[in-house]
$ cat run.csv   # CSV, C-alpha atoms
chain,number,residue,atom,x,y,z
J,32,MET,CA,19.9,7.5,-7.2
J,33,ASN,CA,17.6,10.2,-8.4
J,34,HIS,CA,14.0,9.2,-9.2
J,35,GLN,CA,12.9,11.2,-12.2
J,36,ALA,CA,10.1,9.0,-13.7
J,37,THR,CA,7.2,11.0,-15.1
J,38,THR,CA,5.7,9.0,-18.0
J,39,LEU,CA,4.0,5.6,-17.6
J,40,ALA,CA,6.9,3.9,-19.4
J,41,GLU,CA,9.5,5.6,-17.2
J,42,HIS,CA,7.6,4.6,-14.1
J,43,THR,CA,7.3,0.9,-15.1
J,44,ASP,CA,10.9,0.7,-16.3
J,45,PHE,CA,12.2,2.3,-13.1
J,46,PHE,CA,10.0,0.0,-11.0
J,47,ARG,CA,11.2,-3.2,-12.7
J,48,THR,CA,14.8,-2.1,-12.4
J,49,HIS,CA,14.9,-0.6,-8.9
J,50,GLY,CA,11.9,-2.2,-7.2
J,51,TYR,CA,10.0,1.0,-6.5
J,52,THR,CA,8.7,4.2,-8.0
J,53,ILE,CA,7.3,7.5,-6.6
J,54,VAL,CA,4.1,9.3,-7.8
J,55,GLU,CA,3.7,12.9,-6.7
J,56,ASN,CA,0.2,14.3,-6.2
J,57,ALA,CA,-1.4,10.9,-6.4
J,58,VAL,CA,-4.7,12.3,-5.2
J,59,ASP,CA,-6.0,15.9,-5.6
J,60,ALA,CA,-5.6,18.4,-2.8
J,61,ALA,CA,-9.3,18.4,-1.8
J,62,TYR,CA,-9.4,14.6,-1.4
J,63,LEU,CA,-6.1,14.6,0.4
J,64,SER,CA,-7.5,17.1,2.9
J,65,GLU,CA,-10.6,14.9,3.5
J,66,LEU,CA,-8.4,11.9,4.1
J,67,GLN,CA,-6.2,13.9,6.6
J,68,ARG,CA,-9.3,15.1,8.5
J,69,ALA,CA,-10.8,11.6,8.5
J,70,THR,CA,-7.7,10.1,10.1
J,71,GLU,CA,-6.3,12.9,12.2
J,72,HIS,CA,-7.6,11.3,15.4
J,73,HIS,CA,-8.0,7.7,14.3
J,74,ARG,CA,-6.2,6.3,17.3
J,75,GLU,CA,-9.1,7.6,19.5
J,76,ASP,CA,-11.9,6.6,17.0
J,77,PRO,CA,-13.7,3.4,18.1
J,78,ARG,CA,-14.2,2.4,14.5
J,79,TYR,CA,-10.5,2.3,13.8
J,80,GLN,CA,-9.8,0.6,17.2
J,81,VAL,CA,-12.2,-2.2,16.4
J,82,ALA,CA,-10.6,-2.8,13.0
J,83,GLN,CA,-7.1,-2.2,14.3
J,84,GLY,CA,-6.5,0.2,11.4
J,85,ARG,CA,-7.3,-2.5,8.8
J,86,ASN,CA,-10.0,-2.9,6.2
J,87,LEU,CA,-10.6,0.8,5.8
J,88,LEU,CA,-13.5,0.3,3.3
J,89,ALA,CA,-15.5,-1.2,6.1
J,90,ILE,CA,-14.9,1.8,8.3
J,91,ASP,CA,-15.8,4.8,6.1
J,92,PRO,CA,-16.8,5.1,2.4
J,93,ILE,CA,-14.5,8.1,2.1
J,94,PHE,CA,-11.7,5.6,1.3
J,95,GLU,CA,-13.5,4.2,-1.8
J,96,ASN,CA,-11.6,6.4,-4.3
J,97,LEU,CA,-8.4,4.8,-3.1
J,98,ILE,CA,-9.5,1.5,-4.7
J,99,ASP,CA,-8.8,2.7,-8.2
J,100,GLY,CA,-9.0,6.5,-8.2
J,101,HIS,CA,-5.4,7.4,-7.5
J,102,ALA,CA,-2.6,8.3,-10.0
J,103,GLY,CA,-0.7,5.1,-9.3
J,104,MET,CA,-3.4,3.0,-10.9
J,105,PRO,CA,-2.1,3.0,-14.5
J,106,ILE,CA,1.4,1.9,-13.3
J,107,LEU,CA,-0.1,-0.9,-11.2
J,108,GLU,CA,-2.3,-2.1,-14.1
J,109,ALA,CA,0.7,-2.1,-16.5
J,110,LEU,CA,2.8,-4.2,-14.0
J,111,ILE,CA,0.0,-6.6,-13.0
J,112,PRO,CA,-2.6,-6.9,-15.7
J,113,ASP,CA,-5.0,-9.1,-13.6
J,114,LEU,CA,-4.8,-6.6,-10.8
J,115,GLN,CA,-6.7,-7.2,-7.5
J,116,MET,CA,-6.6,-5.1,-4.3
J,117,LEU,CA,-5.6,-7.3,-1.4
J,118,ALA,CA,-5.8,-4.9,1.6
J,119,MET,CA,-6.3,-1.3,2.6
J,120,ASP,CA,-4.9,-0.3,6.0
J,121,ILE,CA,-3.7,2.8,7.9
J,122,ARG,CA,-0.5,2.9,9.8
J,123,ALA,CA,0.7,5.8,11.9
J,124,CYS,CA,4.1,6.4,13.6
J,125,TYR,CA,3.8,8.6,16.6
J,126,PRO,CA,6.4,10.8,18.2
J,127,GLY,CA,9.2,8.8,19.7
J,128,GLY,CA,8.4,5.7,17.7
J,129,GLY,CA,8.1,4.3,14.2
J,130,ALA,CA,11.5,2.8,13.7
J,131,MET,CA,11.2,-0.4,11.7
J,132,ALA,CA,14.1,-2.8,10.8
J,133,TRP,CA,15.1,-3.8,7.3
J,134,HIS,CA,12.6,-6.3,6.0
J,135,THR,CA,10.7,-7.5,2.9
J,136,ASP,CA,7.0,-8.1,2.7
J,137,ILE,CA,7.5,-11.5,1.2
J,138,ASP,CA,10.4,-13.7,2.3
J,139,HIS,CA,12.4,-16.3,0.5
J,140,PHE,CA,11.8,-15.0,-3.0
J,141,SER,CA,13.7,-12.7,-5.3
J,142,GLY,CA,13.9,-12.0,-9.0
J,143,PRO,CA,12.2,-9.8,-11.6
J,144,SER,CA,8.7,-11.5,-11.4
J,145,ILE,CA,6.2,-9.4,-9.7
J,146,VAL,CA,4.0,-11.2,-7.1
J,147,SER,CA,2.4,-8.2,-5.3
J,148,ILE,CA,3.0,-4.5,-4.9
J,149,ASN,CA,2.5,-2.4,-1.8
J,150,THR,CA,1.6,1.2,-2.2
J,151,ALA,CA,1.8,3.9,0.5
J,152,LEU,CA,-0.1,7.1,0.2
J,153,TYR,CA,1.4,9.5,2.7
J,154,LEU,CA,-0.9,11.9,4.5
J,155,ASP,CA,2.0,13.8,6.1
J,156,ASN,CA,5.3,15.0,4.7
J,157,LEU,CA,8.1,12.4,4.8
J,158,THR,CA,11.3,13.9,6.3
J,159,ALA,CA,14.5,12.6,7.9
J,160,GLU,CA,13.2,13.9,11.2
J,161,ASN,CA,10.0,11.9,11.2
J,162,GLY,CA,11.6,8.7,10.1
J,163,ALA,CA,10.9,8.7,6.3
J,164,LEU,CA,10.8,5.5,4.4
J,165,ARG,CA,14.2,4.0,3.3
J,166,VAL,CA,14.5,1.6,0.4
J,167,LEU,CA,17.4,-0.4,-0.9
J,168,PRO,CA,17.1,-0.2,-4.8
J,169,ARG,CA,17.5,-3.4,-6.7
J,170,SER,CA,17.5,-5.5,-3.6
J,171,HIS,CA,14.5,-7.4,-4.9
J,172,LEU,CA,16.5,-8.9,-7.7
J,173,THR,CA,19.2,-10.9,-5.9
J,174,PRO,CA,18.8,-12.9,-2.7
J,175,PHE,CA,20.9,-11.7,0.2
J,176,THR,CA,20.5,-11.4,4.0
J,177,ILE,CA,20.9,-8.5,6.4
J,178,SER,CA,22.6,-9.4,9.7
J,179,GLU,CA,21.0,-8.6,13.1
J,180,ALA,CA,23.6,-6.0,13.7
J,181,GLU,CA,22.6,-4.2,10.5
J,182,GLN,CA,18.9,-4.2,10.9
J,183,HIS,CA,18.6,-0.5,11.7
J,184,LEU,CA,21.8,0.7,10.0
J,185,GLU,CA,22.1,2.8,6.9
J,186,LEU,CA,23.4,0.5,4.1
J,187,PRO,CA,25.4,1.3,1.0
J,188,GLY,CA,23.0,2.4,-1.8
J,189,GLU,CA,20.1,3.1,0.6
J,190,VAL,CA,17.7,5.8,-0.6
J,191,MET,CA,15.6,7.9,1.8
J,192,VAL,CA,12.3,8.9,0.4
J,193,GLN,CA,11.6,12.5,1.4
J,194,CYS,CA,8.4,13.8,-0.1
J,195,GLN,CA,5.2,15.9,0.3
J,196,ALA,CA,1.9,14.7,1.7
J,197,GLY,CA,-0.2,13.3,-1.1
J,198,THR,CA,2.8,11.4,-2.6
J,199,MET,CA,2.4,7.6,-3.3
J,200,VAL,CA,5.3,5.2,-3.2
J,201,LEU,CA,4.9,1.9,-5.0
J,202,PHE,CA,7.3,-0.8,-4.0
J,203,GLN,CA,7.7,-4.5,-4.8
J,204,ASP,CA,7.0,-6.9,-2.0
J,205,THR,CA,10.5,-8.3,-2.2
J,206,LEU,CA,12.3,-5.0,-1.9
J,207,TRP,CA,14.2,-4.4,1.3
J,208,HIS,CA,12.9,-1.3,3.2
J,209,ARG,CA,12.8,0.2,6.6
J,210,THR,CA,11.7,3.4,8.5
J,211,GLY,CA,13.5,5.6,11.0
J,212,MET,CA,12.5,7.0,14.4
J,213,ASN,CA,9.9,9.8,14.4
J,214,THR,CA,11.7,12.6,16.4
J,215,THR,CA,9.1,15.2,15.7
J,216,ASP,CA,6.0,16.1,17.8
J,217,ARG,CA,3.5,15.0,15.0
J,218,GLN,CA,2.4,11.7,13.8
J,219,ARG,CA,3.4,10.3,10.4
J,220,ARG,CA,0.5,8.6,8.6
J,221,GLY,CA,0.4,6.4,5.6
J,222,LEU,CA,-2.5,4.6,3.8
J,223,PHE,CA,-1.2,1.3,2.6
J,224,ILE,CA,-3.1,-0.3,-0.3
J,225,TYR,CA,-1.8,-3.7,-1.2
J,226,TYR,CA,-2.3,-5.1,-4.7
J,227,GLY,CA,-1.6,-8.5,-6.3
J,228,HIS,CA,-2.8,-10.9,-9.0
J,229,PHE,CA,-6.5,-11.9,-9.2
J,230,TRP,CA,-5.6,-15.5,-8.3
J,231,MET,CA,-4.2,-14.4,-4.9
J,232,LYS,CA,-6.3,-14.4,-1.8
J,233,GLN,CA,-7.2,-11.1,-0.1
J,234,CYS,CA,-6.0,-10.3,3.4
J,235,TYR,CA,-8.5,-11.4,5.9
J,236,TYR,CA,-8.2,-10.7,9.6
J,237,PRO,CA,-10.3,-13.2,11.7
J,238,GLY,CA,-10.5,-10.9,14.6
J,239,ASN,CA,-11.9,-8.1,12.6
J,240,PRO,CA,-15.8,-8.1,12.5
J,241,VAL,CA,-16.0,-6.1,9.3
J,242,PRO,CA,-14.0,-7.7,6.4
J,243,PHE,CA,-14.0,-5.2,3.5
J,244,PRO,CA,-15.0,-7.6,0.7
J,245,SER,CA,-18.5,-7.8,2.2
J,246,MET,CA,-19.1,-4.2,1.3
J,247,ARG,CA,-21.5,-4.8,-1.7
J,248,GLN,CA,-21.8,-1.0,-2.2
J,249,TYR,CA,-18.2,-0.9,-3.7
J,250,ILE,CA,-18.9,-3.6,-6.3
J,251,ASP,CA,-22.6,-3.4,-7.4
J,252,GLY,CA,-23.0,-1.2,-10.5
J,253,LYS,CA,-19.3,-0.2,-10.6
J,254,GLY,CA,-18.4,-2.3,-13.6
J,255,ALA,CA,-16.2,-5.3,-14.3
J,256,LYS,CA,-13.0,-3.5,-13.5
J,257,ARG,CA,-14.1,-2.7,-9.9
J,258,ALA,CA,-15.4,-6.3,-9.5
J,259,GLN,CA,-12.0,-7.6,-10.4
J,260,LEU,CA,-10.2,-5.2,-8.1
J,261,LEU,CA,-12.3,-6.4,-5.2
J,262,GLY,CA,-11.9,-10.1,-6.0
J,263,SER,CA,-15.5,-10.8,-7.1
J,264,TYR,CA,-15.2,-11.4,-10.8
J,265,ARG,CA,-12.7,-11.4,-13.6
J,266,GLU,CA,-13.9,-11.6,-17.2
J,267,ASN,CA,-13.0,-14.9,-19.0
J,268,SER,CA,-11.4,-16.2,-15.9
J,269,GLU,CA,-12.2,-17.1,-12.3
J,270,PHE,CA,-15.7,-16.2,-11.2
J,271,ASN,CA,-17.3,-15.9,-7.8
J,272,ARG,CA,-21.0,-15.3,-7.8
J,273,ALA,CA,-21.6,-12.1,-5.9
J,274,GLU,CA,-24.1,-13.6,-3.5
J,275,TYR,CA,-21.8,-16.5,-2.6
J,276,PHE,CA,-18.7,-14.3,-2.4
J,277,LEU,CA,-20.3,-11.7,-0.1
J,278,GLU,CA,-22.1,-14.3,2.1
J,279,SER,CA,-18.9,-16.3,2.5
J,280,CYS,CA,-17.2,-13.2,3.9
J,281,ARG,CA,-19.7,-13.1,6.7
J,282,ASN,CA,-19.1,-16.7,7.9

$ encode --input "run.csv" --output "structure tokens"
Amino acid sequence: MNHQATTLAEHTDFFRTHGYTIVENAVDAAYLSELQRATEHHREDPRYQVAQGRNLLAIDPIFENLIDGHAGMPILEALIPDLQMLAMDIRACYPGGGAMAWHTDIDHFSGPSIVSINTALYLDNLTAENGALRVLPRSHLTPFTISEAEQHLELPGEVMVQCQAGTMVLFQDTLWHRTGMNTTDRQRRGLFIYYGHFWMKQCYYPGNPVPFPSMRQYIDGKGAKRAQLLGSYRENSEFNRAEYFLESCRN
């Protein structure tokens, strides 16, 4: 199946039908280069080691623009009007690894309703050789199972997403997807920004000493939209006083 969405309406229609959509050049070239430099040796960086690659906003303010400054944002807002960012992590697949079996990010649920959306901003080209993302279009609409013998197999209708660095893939949490083995001599990096409804709880990791919602700098003075995205406040709806919200994240 060819992905040819360009307009907002085309992206949202394709997403609702097939469970994913692809946004090329989701960030500008200069910012992409900054992100690539900041994460080139993240496996050796103590900051990433402590956080286990999670809660990137607590590691470096360079990631702030990924809250709402990428080209996938209009699509997300159209699909989830009460949008909140739930997590921001980095994942890297190194040479000789990276294969992931067929799975969904939320189990035991299917249908057209959108609970949450995962987005992957790729910092390296996705190719067959480095184990590019595979998705199973429309698999979010009907409940089915994949046998243990099929967990790493190519399935009928499977789509391999091969794209350039700087591309963002948005996919529904109930869409079946997998990755292949990285047979190259370079890592394959992706920044994963997870979004859901405002009523949902953000992803906290008890072992992580730096939960990203405590980063007041990303909320104060940035307007109601940013406050909603970081779970602090939504106009005419739920409300967390900033002082209470931020203090509770430290306890």

$ residues_around --input "run.csv" --residues "segment 199-210 of chain J" --least-positions-apart "5" --cutoff "7 Å" --atoms "all atoms listed in the file" --output "VMD selection string"
chain J and resid 50 to 55 57 129 to 137 140 to 141 147 to 153 162 to 167 170 to 171

$ atom_distance --input "run.csv" --atom1 "atom CA of Glu266 of chain J" --atom2 "atom CA of Phe94 of chain J"
25.4 Å

$ closest_atom_pairs --input "run.csv" --of "segment 96-124 of chain J" --to "segment 217-230 of chain J" --cutoff "10 Å" --atoms "all atoms listed in the file" --output "JSON lines"
{"residue": "J:Leu97", "atom": "CA", "partner": "J:Ile224", "partner_atom": "CA", "distance": 7.9}
{"residue": "J:Ile98", "atom": "CA", "partner": "J:Ile224", "partner_atom": "CA", "distance": 8.0}
{"residue": "J:Leu107", "atom": "CA", "partner": "J:Tyr226", "partner_atom": "CA", "distance": 8.0}
{"residue": "J:Glu108", "atom": "CA", "partner": "J:Tyr226", "partner_atom": "CA", "distance": 9.9}
{"residue": "J:Leu110", "atom": "CA", "partner": "J:Gly227", "partner_atom": "CA", "distance": 9.9}
{"residue": "J:Ile111", "atom": "CA", "partner": "J:His228", "partner_atom": "CA", "distance": 6.5}
{"residue": "J:Pro112", "atom": "CA", "partner": "J:His228", "partner_atom": "CA", "distance": 7.8}
{"residue": "J:Asp113", "atom": "CA", "partner": "J:His228", "partner_atom": "CA", "distance": 5.4}
{"residue": "J:Leu114", "atom": "CA", "partner": "J:His228", "partner_atom": "CA", "distance": 5.1}
{"residue": "J:Gln115", "atom": "CA", "partner": "J:Phe229", "partner_atom": "CA", "distance": 5.0}
{"residue": "J:Met116", "atom": "CA", "partner": "J:Tyr226", "partner_atom": "CA", "distance": 4.3}
{"residue": "J:Leu117", "atom": "CA", "partner": "J:Tyr226", "partner_atom": "CA", "distance": 5.2}
{"residue": "J:Ala118", "atom": "CA", "partner": "J:Tyr225", "partner_atom": "CA", "distance": 5.0}
{"residue": "J:Met119", "atom": "CA", "partner": "J:Ile224", "partner_atom": "CA", "distance": 4.4}
{"residue": "J:Asp120", "atom": "CA", "partner": "J:Phe223", "partner_atom": "CA", "distance": 5.3}
{"residue": "J:Ile121", "atom": "CA", "partner": "J:Leu222", "partner_atom": "CA", "distance": 4.6}
{"residue": "J:Arg122", "atom": "CA", "partner": "J:Gly221", "partner_atom": "CA", "distance": 5.5}
{"residue": "J:Ala123", "atom": "CA", "partner": "J:Arg220", "partner_atom": "CA", "distance": 4.3}
{"residue": "J:Cys124", "atom": "CA", "partner": "J:Arg219", "partner_atom": "CA", "distance": 5.1}

$ residues_near_point --input "run.csv" --point "(-24.0, 0.5, -1.5)" --cutoff "12 Å" --atoms "only C-alpha atoms" --output "ChimeraX atom specification"
/J:88-89,91-92,95,245-253

$ residues_around --input "run.csv" --residues "Ala255 of chain J" --least-positions-apart "2" --cutoff "8 Å" --atoms "only C-alpha atoms" --output "list of chain:residue names"
J:Lys253, J:Arg257, J:Ala258, J:Gln259, J:Tyr264, J:Arg265, J:Glu266

$ residues_around --input "run.csv" --residues "Cys194 of chain J" --least-positions-apart "6" --cutoff "8 Å" --atoms "only C-alpha atoms" --output "VMD selection string"
chain J and resid 156 to 158

$ closest_residue --input "run.csv" --among "J:Met231, J:His49, J:Ile93, J:Asp76" --to "Glu189 of chain J" --atoms "all atoms listed in the file"
J:His49

$ closest_residue --input "run.csv" --among "J:Asn161, J:Ser64, J:Ser263, J:Gln195" --to "Gly211 of chain J" --atoms "all atoms listed in the file"
J:Asn161
